[in-house]
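**Student:** I'd like to ask you about the structure that follows.
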Amino acid sequence: MNVYDNANELAKAMRESHEFKKLKEATATLNKDADAKKMVDEFLALNQQAEIEKYQGKEPSKETTEKIQKLYGILSLNQDAMQYLNSFMRFQMMLADVTNSIQDVVKEAMGEK
């Protein structure tokens, strides 16, 4: 069994997955609406910032939290933006599952399991 061949097969399988295809479609649609894309990008960046702060043991600022909520409220009125966000989330979940499987092997190799 060649690990590199399997990695390439995994990449191929991910590209052929329902989650990947839906995300590509949603991305193409979102890219047609510059304003919605800008808001989605800002929303995702703020969410990432808040997650990093939580990971560091900090509470996200009230301003950040309010801005996230306000942007989500606006984006929820845009079907294309919501389709993108839902597709993005499903793809991220698949990626997290794959990453966890790989991390289990790394932990085992390091004697942590």
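Residue numbering restarts at 1 for every chain of the structure tokens, chains are lettered A, B, ... in their displayed order, and ligands are numbered from 1 as they appear.
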Could you write out, as a PyMOL selection string, all the residues of chain A that DSSP marks as alpha helix (DSSP H)?
**Tutor:** chain A and resi 3-16+18-30+34-55+62-75+79-109
**Student:** Phe88 of chain A: which residues within 12 Å, counting only C-alpha atoms, same-chain residues fewer than 2 positions away excluded, as a list of chain:residue names?
**Tutor:**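 Contacts, with the query itself left out: A:His18, A:Glu19, A:Phe20, A:Lys21, A:Lys22, A:Leu23, A:Lys24, A:Glu25, A:Ala26, A:Thr27, A:Leu30, A:Val40, A:Asp41, A:Leu44, A:Ala81, A:Met82, A:Gln83, A:Tyr84, A:Leu85, A:Asn86, A:Arg90, A:Phe91, A:Gln92, A:Met93, A:Met94, A:Leu95.
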**Student:** Which value, in Å to one decimal, gives the distance between atom CA of Gln48 of chain A and atom CA of Ser17 of chain A?
**Tutor:**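 Computing it gives 24.8 Å between the two atoms.
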**Student:** When you count only C-alpha atoms, which of these residues is closest to Ala13 of chain A: A:Ile52, A:Val98, A:Ala34, A:Ala45?
**Tutor:**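 Among the listed residues, the smallest separation from Ala13 of chain A belongs to A:Val98.
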